[in-house]
Amino acid sequence: MPGCSGKIIGVYLGRNFEGWPHERVMAELGEVNYYTNEHFGQPLVVTDDDISGTFTFLRALADNGNNRDLTAAQIGDSWLNYLIEERAILWWGGLGMSTEHTAFLRLKAGIQAPESGSIGLNSQVIAEQIGAQIFIDGWAMVAPGDPELAADLARRAASVSHDGEAIYGAQVIAAMESLAFVEPDLDRLLDTGLSFIPIDSTIARLIGDLREWRGRSADWRETFRRVEQRYGYDRYLGSCHIVPNHAIVILALLHGDDDFQRTLMIANTCGWDTDCNSGNVGCLMGIKNGLAGIDKGPDWRGPVADRMYVSSADGGESITDAVREAAKVINIARALTGEPEVEPGPRFNFGFPGAVQGFRSDGAPDARGVATLENVEHGDGRSLAIDFRGVAPGRVARVITPTFIPPSDLAMERYSLLACPTLYPGQTIRASVSASGTNAQPVDCRLIVRVYDELNGLTALHSEAATLEPGAAGQIAWRIPDTSGQPIADVGLEVVSGSPVDGRILLDWLDWSGAPEVTLASPSAGTAWQRAWVNGADRVEWNNPHPHRVIQNQGTGLLIQGTRDWRDYRATTTVIPEMTARAGLAVRSRACGAITP
């Protein structure tokens, strides 16, 4: 988990001023020592290509049996499967402008990787942009302590869209991150990374220069001035070249004094591709120094609450968190070494120190009691401790976590968020809870879901309450009722009481199971229900004249809803073909993005 957490923290830290030069960063922000989203009036947890691409493209391994001989062509096929053109994951800047978009168009035209990303086909400038490096962390995390495998996987993955120096930069970062699981010395990490690329490459020469400059001066600003002069944007063309930004990553590591906050500060204050560079640096530092290293400084993890969006054609996997993604990475790593997979356990299990998996307190003190959250050791594992005060008749303490796009994120800027709900009517939620033995009196707990309404607001539904005596434990189970076609936005737990009470309860785990029993109808108002469909078509008309009208100008258009964990179910619908050679309903399909004619 430390690598996943470090990655998302770094991306969220640098995202708001991505592309700024150093002078503008200093003039408007100064040294970047903490999140700036409030300064920009932006949410902290957002959709970003660095995160979506890193954790989506890694699925090529699991989709192909976690084969160590996975080919670049197979990784390229995963691009076609999970990407939806002009919508999911990438910066869709156009042919010859966006390297990844250019590679996608090659793949779509039937040109397989590695030719799809080659210099010979796309030119040196386009092929040597930064994208290969920003998506590379996952390939390192599935090869802990095996830099040779990490560098080789990185080469294959990078070659889908990039070539030349871009691949070398990706290999260096992947090898360093892999070795960082078992080796704390930065010089040894750098030496190992360099061992996988040509000694006469620009990336190798750049690293040598930076190490020399660091030996001359401990002032990172002086080293940055040298980088600007020798490896600046004026020398390396394109929208965002690998060379200047790889230099920033190495500079931050060399001058960061092995401190998470200082290293991220340098990477972001230098400017240029801040979210990408900061994401790589955060991942490596997270791996190397663990959660303790991240937690050493300010509260990086609290505002993020482990939350992340992995937006792709596989909408049921979009609303996720660092714990769930770390579990996937761990199981891929185990499979690559022939070890059996570990059962991931309940969806929310709080298994890592400090993990809250998106849970937060909800409600203002004038309307509800106050709840604070803490991950604690409990029994043989870990639990989410919920300390509450001010609970009384008419005043509840509520904690919730997203199961779909929150209202504040329906209008996500720049990178669209494609997502299906993860929880549906007809499924049964179960939670294991216990009351602290120090509580002065019994408390009542109940499950809650909040459902979108016709104004895109939220309406709460509750289970029956369960009474917990001090020191007692129990489980609550609740089958979600029909929601009239509206998606479920979040799930959580409420503490209620018939008399004023303060105390603590512990949520050991929360999960749900079973096939949904749901009519994916078209409510008469509101738009959140439309966002519950992953739109893989040129156009969709809602209620005109039928509930869902899919228009595809060429090839196959898809409208997708559901999650991977549905089992033993059936679906029925009415399909009315118009001006089409074929139309139908696909049940139990996996993500399908670009389907060529």
# chains A, B, ... in the order shown; residues from 1 in each chain; ligands from 1
>>> residues_around(residues="Ala113 in chain A", least_positions_apart="4", cutoff="12 Å", atoms="only C-alpha atoms", output="number ranges by chain")
A: 71-80, 103-109, 117-118, 121, 155-163
>>> residues_around(residues="range 373-384 of chain A", least_positions_apart="4", cutoff="6 Å", atoms="only C-alpha atoms", output="MDAnalysis selection string")
chainID A and resid 350:351 354 506:508
>>> write_last_selection(atoms="N, CA and C atoms", output="PDB file, in the first residue's frame")
ATOM      1  N   PHE A 350      -9.848  -2.356   6.237  1.00  0.00           N
ATOM      2  CA  PHE A 350      -8.970  -1.488   7.022  1.00  0.00           C
ATOM      3  C   PHE A 350      -7.686  -2.195   7.451  1.00  0.00           C
ATOM      4  N   GLY A 351      -7.170  -3.064   6.554  1.00  0.00           N
ATOM      5  CA  GLY A 351      -6.078  -3.946   6.938  1.00  0.00           C
ATOM      6  C   GLY A 351      -4.720  -3.290   7.070  1.00  0.00           C
ATOM      7  N   GLY A 354      -3.573   3.016   9.377  1.00  0.00           N
ATOM      8  CA  GLY A 354      -4.009   4.322   8.897  1.00  0.00           C
ATOM      9  C   GLY A 354      -5.064   4.298   7.816  1.00  0.00           C
ATOM     10  N   LEU A 506     -16.571   0.225  16.795  1.00  0.00           N
ATOM     11  CA  LEU A 506     -15.529  -0.194  15.865  1.00  0.00           C
ATOM     12  C   LEU A 506     -16.164  -0.944  14.709  1.00  0.00           C
ATOM     13  N   LEU A 507     -15.871  -0.466  13.505  1.00  0.00           N
ATOM     14  CA  LEU A 507     -16.311  -1.143  12.287  1.00  0.00           C
ATOM     15  C   LEU A 507     -15.177  -2.059  11.851  1.00  0.00           C
ATOM     16  N   ASP A 508     -15.375  -3.370  12.021  1.00  0.00           N
ATOM     17  CA  ASP A 508     -14.326  -4.329  11.681  1.00  0.00           C
ATOM     18  C   ASP A 508     -14.238  -4.536  10.172  1.00  0.00           C
TER      19      ASP A 508
END
>>> atom_distance(atom1="CA of Gln475 in chain A", atom2="CA of Val443 in chain A")
14.0 Å
>>> residues_around(residues="Trp92 in chain A", least_positions_apart="6", cutoff="12 Å", atoms="only C-alpha atoms", output="list in words")
Asp49, Leu83, Ile84, Glu85, Glu86, Ser98, Thr99, Glu100, His101, Thr102, Ala103, Phe104, Leu105, Arg414, Tyr415 and Ser416 of chain A
>>> atom_distance(atom1="CA of Thr202 in chain A", atom2="CA of Val182 in chain A")
27.8 Å
>>> residues_around(residues="Phe224 in chain A", least_positions_apart="2", cutoff="9 Å", atoms="only C-alpha atoms", output="PDB file with N, CA, C and O atoms, in the first residue's frame")
ATOM      1  N   ASP A 219      22.380  22.801  -2.605  1.00  0.00           N
ATOM      2  CA  ASP A 219      21.270  23.705  -2.920  1.00  0.00           C
ATOM      3  C   ASP A 219      20.524  23.189  -4.151  1.00  0.00           C
ATOM      4  O   ASP A 219      21.053  23.222  -5.262  1.00  0.00           O
ATOM      5  N   TRP A 220      19.302  22.710  -3.967  1.00  0.00           N
ATOM      6  CA  TRP A 220      18.559  22.141  -5.091  1.00  0.00           C
ATOM      7  C   TRP A 220      18.276  23.182  -6.171  1.00  0.00           C
ATOM      8  O   TRP A 220      18.160  22.830  -7.353  1.00  0.00           O
ATOM      9  N   ARG A 221      18.151  24.457  -5.764  1.00  0.00           N
ATOM     10  CA  ARG A 221      17.879  25.501  -6.753  1.00  0.00           C
ATOM     11  C   ARG A 221      19.048  25.666  -7.718  1.00  0.00           C
ATOM     12  O   ARG A 221      18.844  25.903  -8.920  1.00  0.00           O
ATOM     13  N   GLU A 222      20.247  25.541  -7.198  1.00  0.00           N
ATOM     14  CA  GLU A 222      21.427  25.639  -8.068  1.00  0.00           C
ATOM     15  C   GLU A 222      21.447  24.472  -9.047  1.00  0.00           C
ATOM     16  O   GLU A 222      21.734  24.648 -10.241  1.00  0.00           O
ATOM     17  N   ARG A 226      21.069  24.415 -13.365  1.00  0.00           N
ATOM     18  CA  ARG A 226      21.891  23.653 -14.304  1.00  0.00           C
ATOM     19  C   ARG A 226      21.025  22.763 -15.206  1.00  0.00           C
ATOM     20  O   ARG A 226      21.304  22.624 -16.401  1.00  0.00           O
ATOM     21  N   VAL A 227      19.983  22.159 -14.608  1.00  0.00           N
ATOM     22  CA  VAL A 227      19.063  21.346 -15.406  1.00  0.00           C
ATOM     23  C   VAL A 227      18.400  22.194 -16.479  1.00  0.00           C
ATOM     24  O   VAL A 227      18.298  21.794 -17.651  1.00  0.00           O
ATOM     25  N   GLU A 228      17.939  23.376 -16.110  1.00  0.00           N
ATOM     26  CA  GLU A 228      17.305  24.270 -17.086  1.00  0.00           C
ATOM     27  C   GLU A 228      18.242  24.572 -18.253  1.00  0.00           C
ATOM     28  O   GLU A 228      17.823  24.600 -19.413  1.00  0.00           O
ATOM     29  N   GLN A 229      19.493  24.782 -17.943  1.00  0.00           N
ATOM     30  CA  GLN A 229      20.454  25.161 -18.979  1.00  0.00           C
ATOM     31  C   GLN A 229      20.799  24.000 -19.907  1.00  0.00           C
ATOM     32  O   GLN A 229      20.940  24.189 -21.118  1.00  0.00           O
ATOM     33  N   ALA A 247      14.783  14.467 -15.315  1.00  0.00           N
ATOM     34  CA  ALA A 247      15.789  15.199 -14.546  1.00  0.00           C
ATOM     35  C   ALA A 247      15.212  15.718 -13.234  1.00  0.00           C
ATOM     36  O   ALA A 247      15.887  15.682 -12.191  1.00  0.00           O
ATOM     37  N   ILE A 248      13.968  16.190 -13.253  1.00  0.00           N
ATOM     38  CA  ILE A 248      13.350  16.693 -12.030  1.00  0.00           C
ATOM     39  C   ILE A 248      13.161  15.562 -11.016  1.00  0.00           C
ATOM     40  O   ILE A 248      13.372  15.742  -9.811  1.00  0.00           O
ATOM     41  N   LEU A 251      16.574  14.831  -9.595  1.00  0.00           N
ATOM     42  CA  LEU A 251      16.992  15.978  -8.773  1.00  0.00           C
ATOM     43  C   LEU A 251      16.301  15.940  -7.406  1.00  0.00           C
ATOM     44  O   LEU A 251      16.953  16.116  -6.369  1.00  0.00           O
ATOM     45  N   CYS A 270       9.911  22.833  -8.566  1.00  0.00           N
ATOM     46  CA  CYS A 270      10.651  22.985  -9.819  1.00  0.00           C
ATOM     47  C   CYS A 270       9.719  23.304 -10.981  1.00  0.00           C
ATOM     48  O   CYS A 270      10.125  23.960 -11.947  1.00  0.00           O
TER      49      CYS A 270
END
>>> residues_around(residues="Asn543 in chain A", least_positions_apart="2", cutoff="10 Å", atoms="only C-alpha atoms", output="JSON, numbers by chain")
{"A": [521, 522, 523, 524, 540, 541, 545, 546, 547, 548, 549]}
>>> closest_atom_pairs(of="range 144-261 of chain A", to="range 9-13 of chain A", cutoff="12 Å", atoms="only C-alpha atoms", output="tab-separated table")
residue	atom	partner	partner_atom	distance
A:Val249	CA	A:Gly10	CA	11.7
A:Phe260	CA	A:Gly10	CA	9.9
A:Gln261	CA	A:Gly10	CA	9.9
>>> write_last_selection(atoms="C-alpha atoms", output="JSON list (two decimals), in the first residue's frame")
[["chain", "number", "residue", "atom", "x", "y", "z"],
["A", 249, "VAL", "CA", 12.57, 13.25, -10.58],
["A", 260, "PHE", "CA", 8.92, 12.41, 1.85],
["A", 261, "GLN", "CA", 7.70, 16.00, 2.22]]
>>> closest_residue(among="A:Pro114, A:Phe135, A:Asp502, A:Ile294", to="Thr372 in chain A", atoms="only C-alpha atoms")
A:Asp502
